[in-house]
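The structure file work-v6.pdb is reproduced below (PDB, C-alpha atoms, pLDDT in the B column).
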ATOM      1  CA  MET A 120     -15.334  13.263  -3.046  1.00 49.00           C
ATOM      2  CA  ASN A 121     -12.291  11.246  -4.201  1.00 58.00           C
ATOM      3  CA  THR A 122      -9.192  11.937  -2.197  1.00 55.00           C
ATOM      4  CA  PHE A 123      -6.797  10.632  -4.853  1.00 59.00           C
ATOM      5  CA  ILE A 124      -8.141  13.157  -7.354  1.00 64.00           C
ATOM      6  CA  ASP A 125      -8.260  16.010  -4.856  1.00 60.00           C
ATOM      7  CA  SER A 126      -4.667  15.463  -3.751  1.00 61.00           C
ATOM      8  CA  PHE A 127      -3.224  14.943  -7.258  1.00 66.00           C
ATOM      9  CA  VAL A 128      -0.611  17.564  -8.185  1.00 66.00           C
ATOM     10  CA  THR A 129      -0.752  18.576 -11.838  1.00 68.00           C
ATOM     11  CA  GLN A 130       2.278  19.624 -13.829  1.00 74.00           C
ATOM     12  CA  ASN A 131       0.703  21.467 -16.755  1.00 79.00           C
ATOM     13  CA  ALA A 132      -2.568  22.858 -18.107  1.00 79.00           C
ATOM     14  CA  GLN A 133      -3.444  19.644 -19.974  1.00 79.00           C
ATOM     15  CA  GLU A 134      -3.204  17.614 -16.762  1.00 81.00           C
ATOM     16  CA  GLU A 135      -5.229  20.241 -14.918  1.00 82.00           C
ATOM     17  CA  ALA A 136      -8.002  19.991 -17.543  1.00 84.00           C
ATOM     18  CA  MET A 137      -7.957  16.207 -17.281  1.00 83.00           C
ATOM     19  CA  ILE A 138      -8.225  16.231 -13.474  1.00 84.00           C
ATOM     20  CA  ARG A 139     -10.979  18.855 -13.643  1.00 85.00           C
ATOM     21  CA  SER A 140     -12.897  16.610 -16.074  1.00 86.00           C
ATOM     22  CA  LEU A 141     -12.353  13.568 -13.885  1.00 86.00           C
ATOM     23  CA  ARG A 142     -13.634  15.432 -10.815  1.00 87.00           C
ATOM     24  CA  ARG A 143     -16.717  16.459 -12.757  1.00 88.00           C
ATOM     25  CA  ALA A 144     -17.260  12.901 -14.004  1.00 87.00           C
ATOM     26  CA  TYR A 145     -17.192  11.584 -10.442  1.00 86.00           C
ATOM     27  CA  SER A 146     -19.481  14.293  -9.090  1.00 87.00           C
ATOM     28  CA  GLU A 147     -22.051  13.776 -11.884  1.00 87.00           C
ATOM     29  CA  GLY A 148     -21.967   9.964 -11.841  1.00 86.00           C
ATOM     30  CA  VAL A 149     -20.718   9.635 -15.416  1.00 85.00           C
ATOM     31  CA  HIS A 150     -19.033   6.294 -14.667  1.00 82.00           C
ATOM     32  CA  GLN A 151     -22.378   4.622 -13.999  1.00 83.00           C
ATOM     33  CA  ARG A 152     -23.951   5.742 -17.294  1.00 81.00           C
ATOM     34  CA  PHE A 153     -21.520   3.945 -19.614  1.00 79.00           C
ATOM     35  CA  TRP A 154     -23.418   1.010 -21.022  1.00 76.00           C
ATOM     36  CA  SER A 155     -20.845  -0.589 -23.278  1.00 74.00           C
ATOM     37  CA  LEU A 156     -17.067  -0.735 -23.066  1.00 76.00           C
ATOM     38  CA  LYS A 157     -15.342  -2.695 -25.776  1.00 75.00           C
ATOM     39  CA  PRO A 158     -12.486  -2.474 -28.251  1.00 73.00           C
ATOM     40  CA  LEU A 159     -13.484  -1.148 -31.649  1.00 71.00           C
ATOM     41  CA  ASN A 160     -10.869  -0.998 -34.424  1.00 74.00           C
ATOM     42  CA  GLY A 161      -8.123  -1.475 -31.828  1.00 73.00           C
ATOM     43  CA  GLU A 162      -9.336   1.443 -29.701  1.00 76.00           C
ATOM     44  CA  THR A 163     -11.009   1.320 -26.312  1.00 76.00           C
ATOM     45  CA  THR A 164     -14.534   2.493 -26.967  1.00 80.00           C
ATOM     46  CA  GLY A 165     -17.475   3.272 -24.736  1.00 82.00           C
ATOM     47  CA  TRP A 166     -21.054   4.205 -25.348  1.00 80.00           C
ATOM     48  CA  PHE A 167     -22.385   6.824 -23.002  1.00 82.00           C
ATOM     49  CA  GLU A 168     -26.012   7.847 -22.556  1.00 81.00           C
ATOM     50  CA  ASN A 169     -26.664  11.255 -21.026  1.00 78.00           C
ATOM     51  CA  ALA A 170     -29.695  12.381 -19.027  1.00 77.00           C
ATOM     52  CA  GLN A 171     -31.523  13.404 -22.217  1.00 80.00           C
ATOM     53  CA  HIS A 172     -30.970   9.881 -23.640  1.00 82.00           C
ATOM     54  CA  VAL A 173     -28.469  11.074 -26.233  1.00 84.00           C
ATOM     55  CA  VAL A 174     -25.827   8.429 -26.911  1.00 87.00           C
ATOM     56  CA  TYR A 175     -22.179   9.416 -27.456  1.00 85.00           C
ATOM     57  CA  LEU A 176     -19.414   7.280 -28.884  1.00 86.00           C
ATOM     58  CA  VAL A 177     -16.391   7.879 -26.652  1.00 88.00           C
ATOM     59  CA  THR A 178     -12.749   6.889 -27.197  1.00 87.00           C
ATOM     60  CA  LEU A 179      -9.624   7.987 -25.361  1.00 85.00           C
ATOM     61  CA  GLU A 180      -8.816  10.411 -28.219  1.00 86.00           C
ATOM     62  CA  LYS A 181     -12.239  11.862 -29.029  1.00 87.00           C
ATOM     63  CA  CYS A 182     -15.836  12.141 -27.937  1.00 89.00           C
ATOM     64  CA  GLU A 183     -19.034  13.078 -29.790  1.00 89.00           C
ATOM     65  CA  CYS A 184     -20.171  15.500 -27.067  1.00 88.00           C
ATOM     66  CA  LEU A 185     -19.975  19.269 -27.583  1.00 89.00           C
ATOM     67  CA  ALA A 186     -16.671  19.651 -25.696  1.00 88.00           C
ATOM     68  CA  GLY A 187     -15.183  16.693 -27.557  1.00 87.00           C
ATOM     69  CA  GLN A 188     -16.215  18.153 -30.910  1.00 90.00           C
ATOM     70  CA  HIS A 189     -14.178  21.257 -30.026  1.00 89.00           C
ATOM     71  CA  GLY A 190     -11.111  19.187 -29.112  1.00 86.00           C
ATOM     72  CA  GLN A 191     -11.415  19.790 -25.385  1.00 87.00           C
ATOM     73  CA  MET A 192     -11.026  17.263 -22.619  1.00 87.00           C
ATOM     74  CA  CYS A 193     -14.490  16.116 -21.577  1.00 89.00           C
ATOM     75  CA  LYS A 194     -15.845  14.214 -18.591  1.00 89.00           C
ATOM     76  CA  HIS A 195     -16.757  11.260 -20.839  1.00 89.00           C
ATOM     77  CA  ARG A 196     -13.180  10.699 -21.996  1.00 89.00           C
ATOM     78  CA  ALA A 197     -11.931  11.104 -18.424  1.00 88.00           C
ATOM     79  CA  ALA A 198     -14.467   8.563 -17.110  1.00 88.00           C
ATOM     80  CA  LEU A 199     -13.673   6.093 -19.923  1.00 88.00           C
ATOM     81  CA  ALA A 200      -9.953   6.326 -19.160  1.00 86.00           C
ATOM     82  CA  ASP A 201     -10.671   5.837 -15.468  1.00 86.00           C
ATOM     83  CA  LEU A 202     -12.966   2.850 -16.047  1.00 85.00           C
ATOM     84  CA  THR A 203     -10.491   1.098 -18.337  1.00 84.00           C
ATOM     85  CA  GLY A 204      -7.384   1.924 -16.283  1.00 82.00           C
ATOM     86  CA  SER A 205      -5.978   4.029 -19.112  1.00 82.00           C
ATOM     87  CA  LEU A 206      -5.334   7.300 -17.297  1.00 82.00           C
ATOM     88  CA  ASP A 207      -1.599   6.725 -17.837  1.00 81.00           C
ATOM     89  CA  GLN A 208      -2.214   7.247 -21.571  1.00 80.00           C
ATOM     90  CA  LEU A 209      -3.680  10.695 -20.941  1.00 79.00           C
ATOM     91  CA  ILE A 210      -1.529  11.802 -17.989  1.00 79.00           C
ATOM     92  CA  GLU A 211       2.036  10.559 -17.810  1.00 79.00           C
ATOM     93  CA  ASP A 212       2.588   8.200 -14.844  1.00 79.00           C
ATOM     94  CA  PHE A 213      -0.835   9.031 -13.414  1.00 78.00           C
ATOM     95  CA  TYR A 214      -1.163   5.940 -11.258  1.00 75.00           C
ATOM     96  CA  LEU A 215       2.375   6.195  -9.874  1.00 75.00           C
ATOM     97  CA  ARG A 216       1.829   9.832  -8.971  1.00 74.00           C
ATOM     98  CA  ALA A 217      -1.723   9.440  -7.637  1.00 72.00           C
ATOM     99  CA  PHE A 218      -1.018   6.265  -5.665  1.00 70.00           C
ATOM    100  CA  PRO A 219       2.659   6.263  -4.669  1.00 69.00           C
ATOM    101  CA  ALA A 220       3.998   2.987  -3.384  1.00 71.00           C
ATOM    102  CA  PRO A 221       3.977   2.908   0.398  1.00 73.00           C
ATOM    103  CA  VAL A 222       7.359   3.168   2.023  1.00 73.00           C
ATOM    104  CA  ASP A 223       7.935   0.158   4.215  1.00 70.00           C
ATOM    105  CA  PRO A 224       9.414   1.061   7.574  1.00 70.00           C
ATOM    106  CA  ALA A 225      12.665  -0.605   8.425  1.00 67.00           C
ATOM    107  CA  PRO A 226      11.962  -3.958  10.014  1.00 66.00           C
ATOM    108  CA  ALA A 227      12.595  -4.163  13.712  1.00 68.00           C
ATOM    109  CA  VAL A 228      15.237  -6.642  14.734  1.00 69.00           C
ATOM    110  CA  THR A 229      15.145  -8.190  18.159  1.00 68.00           C
ATOM    111  CA  ILE A 230      18.569  -8.829  19.603  1.00 71.00           C
ATOM    112  CA  VAL A 231      18.776 -11.595  22.161  1.00 70.00           C
ATOM    113  CA  GLU A 232      22.047 -12.761  23.656  1.00 75.00           C
ATOM    114  CA  LEU A 233      22.913 -15.838  25.654  1.00 76.00           C
ATOM    115  CA  VAL A 234      24.389 -14.887  28.995  1.00 79.00           C
ATOM    116  CA  THR A 235      25.635 -16.928  31.911  1.00 82.00           C
ATOM    117  CA  CYS A 236      22.904 -17.972  34.315  1.00 81.00           C
ATOM    118  CA  GLN A 237      23.290 -16.046  37.557  1.00 79.00           C
ATOM    119  CA  ASP A 238      21.551 -18.718  39.643  1.00 78.00           C
ATOM    120  CA  CYS A 239      24.050 -21.485  38.865  1.00 81.00           C
ATOM    121  CA  ASN A 240      26.997 -19.381  37.580  1.00 79.00           C
ATOM    122  CA  GLY A 241      26.952 -21.245  34.279  1.00 78.00           C
ATOM    123  CA  ALA A 242      27.297 -24.738  35.790  1.00 81.00           C
ATOM    124  CA  GLY A 243      23.786 -25.878  34.947  1.00 78.00           C
ATOM    125  CA  HIS A 244      23.147 -27.061  38.474  1.00 78.00           C
ATOM    126  CA  ARG A 245      23.063 -25.633  41.973  1.00 80.00           C
ATOM    127  CA  ARG A 246      24.541 -26.973  45.181  1.00 79.00           C
ATOM    128  CA  THR A 247      22.790 -26.943  48.488  1.00 78.00           C
ATOM    129  CA  PHE A 248      25.270 -27.326  51.340  1.00 77.00           C
ATOM    130  CA  TYR A 249      24.507 -29.123  54.575  1.00 79.00           C
ATOM    131  CA  GLY A 250      26.901 -29.746  57.391  1.00 77.00           C
ATOM    132  CA  GLY A 251      30.130 -27.911  57.892  1.00 76.00           C
ATOM    133  CA  ARG A 252      32.364 -29.378  55.216  1.00 78.00           C
ATOM    134  CA  MET A 253      32.773 -28.350  51.575  1.00 76.00           C
ATOM    135  CA  ALA A 254      32.084 -31.902  50.454  1.00 77.00           C
ATOM    136  CA  ASP A 255      28.664 -31.967  52.130  1.00 79.00           C
ATOM    137  CA  TYR A 256      26.246 -30.785  49.404  1.00 77.00           C
ATOM    138  CA  ILE A 257      23.324 -31.951  47.250  1.00 81.00           C
ATOM    139  CA  THR A 258      23.208 -31.065  43.507  1.00 81.00           C
ATOM    140  CA  HIS A 259      19.920 -29.717  42.119  1.00 79.00           C
ATOM    141  CA  ASP A 260      18.969 -28.969  38.534  1.00 83.00           C
ATOM    142  CA  CYS A 261      18.885 -25.251  37.840  1.00 82.00           C
ATOM    143  CA  PRO A 262      15.246 -24.330  37.138  1.00 81.00           C
ATOM    144  CA  ARG A 263      16.142 -21.005  35.504  1.00 79.00           C
ATOM    145  CA  CYS A 264      18.421 -22.289  32.739  1.00 80.00           C
ATOM    146  CA  SER A 265      17.170 -25.904  32.530  1.00 80.00           C
ATOM    147  CA  ASN A 266      20.699 -27.280  33.122  1.00 78.00           C
ATOM    148  CA  THR A 267      22.272 -25.399  30.190  1.00 79.00           C
ATOM    149  CA  GLY A 268      24.150 -22.798  32.179  1.00 75.00           C
ATOM    150  CA  CYS A 269      22.923 -20.064  29.824  1.00 77.00           C
ATOM    151  CA  VAL A 270      19.826 -17.891  29.736  1.00 74.00           C
ATOM    152  CA  LEU A 271      18.487 -15.404  27.207  1.00 72.00           C
ATOM    153  CA  SER A 272      19.180 -11.773  27.937  1.00 71.00           C
ATOM    154  CA  GLU A 273      16.504  -9.122  27.916  1.00 65.00           C
ATOM    155  CA  ALA A 274      15.257  -8.587  24.360  1.00 56.00           C
ATOM    156  CA  ARG A 275      16.068  -5.235  22.725  1.00 59.00           C
ATOM    157  CA  ASP A 276      14.353  -4.017  19.598  1.00 56.00           C
ATOM    158  CA  LEU A 277      16.550  -2.178  17.130  1.00 55.00           C
ATOM    159  CA  ALA A 278      15.457  -0.616  13.865  1.00 53.00           C
ATOM    160  CA  VAL A 279      17.639  -1.601  10.934  1.00 51.00           C
ATOM    161  CA  ALA A 280      18.801   1.417   8.965  1.00 47.00           C
TER     162      ALA A 280
END
Please rewrite the model in this file as structure tokens.
Amino acid sequence: MNTFIDSFVTQNAQEEAMIRSLRRAYSEGVHQRFWSLKPLNGETTGWFENAQHVVYLVTLEKCECLAGQHGQMCKHRAALADLTGSLDQLIEDFYLRAFPAPVDPAPAVTIVELVTCQDCNGAGHRRTFYGGRMADYITHDCPRCSNTGCVLSEARDLAVA
């Protein structure tokens, strides 16, 4: 059926009757049998035709069906409120309670540090010695740090609290 209706927690008998009517409206396909939804005298109004081709005038406050004539919550009023997005008028904060806003997880932050290149010891170049004297060397560009002397450390992901 509808998981948002099945998992809705009611707070009083009026809300329980409304949810029971809404469940029944969904199970019997009441939503599909409304053939006109329009404002009439400032009220949201719907015309509903039942299986016996009897037409009911339905508003959020009343319905011409037998249950509505006795002041009870009926499936027609529940379906009309659902179709027009007016369930908040019948159940306080219905949409906030039925569909709570998702909690966003804390964004992950990647921490990267610049550290001294171990290949060139931060000089940006490497020396290749030849011969026996300290002055006998050739300078090469450091391929690891691209002559900057610094490289990025290993990335660590941290969750921000």
* Asked: Care to translate the PyMOL selection byres ((chain A and resi 260) around 9) into actual residues of this file, as a PyMOL selection string?
  -> chain A and resi 243-246+258-259+261-266
* What's the 8 Å shell around Arg196 in chain A, counting only C-alpha atoms, without same-chain residues fewer than 3 positions away, as a ChimeraX atom specification? -> /A:177-182,192-193,199-200
* To do: Choose the residue, out of A:Ala197, A:Ala136, A:Gly161, A:Trp166, that has the smallest atom-to-atom separation from Glu183 in chain A; count only C-alpha atoms.
  =>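 Smallest separation from Glu183 in chain A among the options: A:Trp166.
Distances from A:Thr247, A:Asn240, A:Thr203, A:Asn131 to Ser155 in chain A were compared using all atoms listed in the file, and the smallest one belongs to A:Thr203.
When only C-alpha atoms are used to measure the gap to Ala144 in chain A, the shortest distance among A:Glu211, A:Asp255, A:Asp223, A:Asp201 belongs to A:Asp201.
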* For Leu202 in chain A, which of A:Leu159, A:Val234, A:Leu141, A:Val173 is the closest residue, counting all atoms listed in the file? ->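 Using all atoms listed in the file, Leu202 in chain A sits closest to A:Leu141.
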* To do: Pull out every residue that the PyMOL selection byres ((chain A and resi 236) around 7) matches in the shown coordinates and put them as a PyMOL selection string.
  => chain A and resi 234-235+237-241+264+268-270
* Asked: How far is it from CA of Asn160 in chain A to CA of Gly190 in chain A, in Å with one decimal?
  ->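 Separating CA of Asn160 in chain A from CA of Gly190 in chain A is a distance of 20.9 Å.
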* **Counting only C-alpha atoms, the option among A:Lys194, A:Arg152, A:Arg139, A:Arg216 closest to His172 in chain A** =>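 Going through A:Lys194, A:Arg152, A:Arg139, A:Arg216 one by one, the smallest distance to His172 in chain A is for A:Arg152.
Once Gln133 in chain A and its same-chain neighbours fewer than 4 positions away are set aside, A:Thr129, A:Met137, A:Ile138, A:Arg139, A:Gln191, A:Met192, A:Leu209, A:Ile210 remain within 10 Å of it when counting all atoms listed in the file.
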Can I get the selected residues back with C-alpha atoms, as an mmCIF file, in the frame of the given file?
data_model
loop_
_atom_site.group_PDB
_atom_site.id
_atom_site.type_symbol
_atom_site.label_atom_id
_atom_site.label_comp_id
_atom_site.auth_asym_id
_atom_site.auth_seq_id
_atom_site.Cartn_x
_atom_site.Cartn_y
_atom_site.Cartn_z
ATOM 1 C CA THR A 129 -0.752 18.576 -11.838
ATOM 2 C CA MET A 137 -7.957 16.207 -17.281
ATOM 3 C CA ILE A 138 -8.225 16.231 -13.474
ATOM 4 C CA ARG A 139 -10.979 18.855 -13.643
ATOM 5 C CA GLN A 191 -11.415 19.790 -25.385
ATOM 6 C CA MET A 192 -11.026 17.263 -22.619
ATOM 7 C CA LEU A 209 -3.680 10.695 -20.941
ATOM 8 C CA ILE A 210 -1.529 11.802 -17.989
#
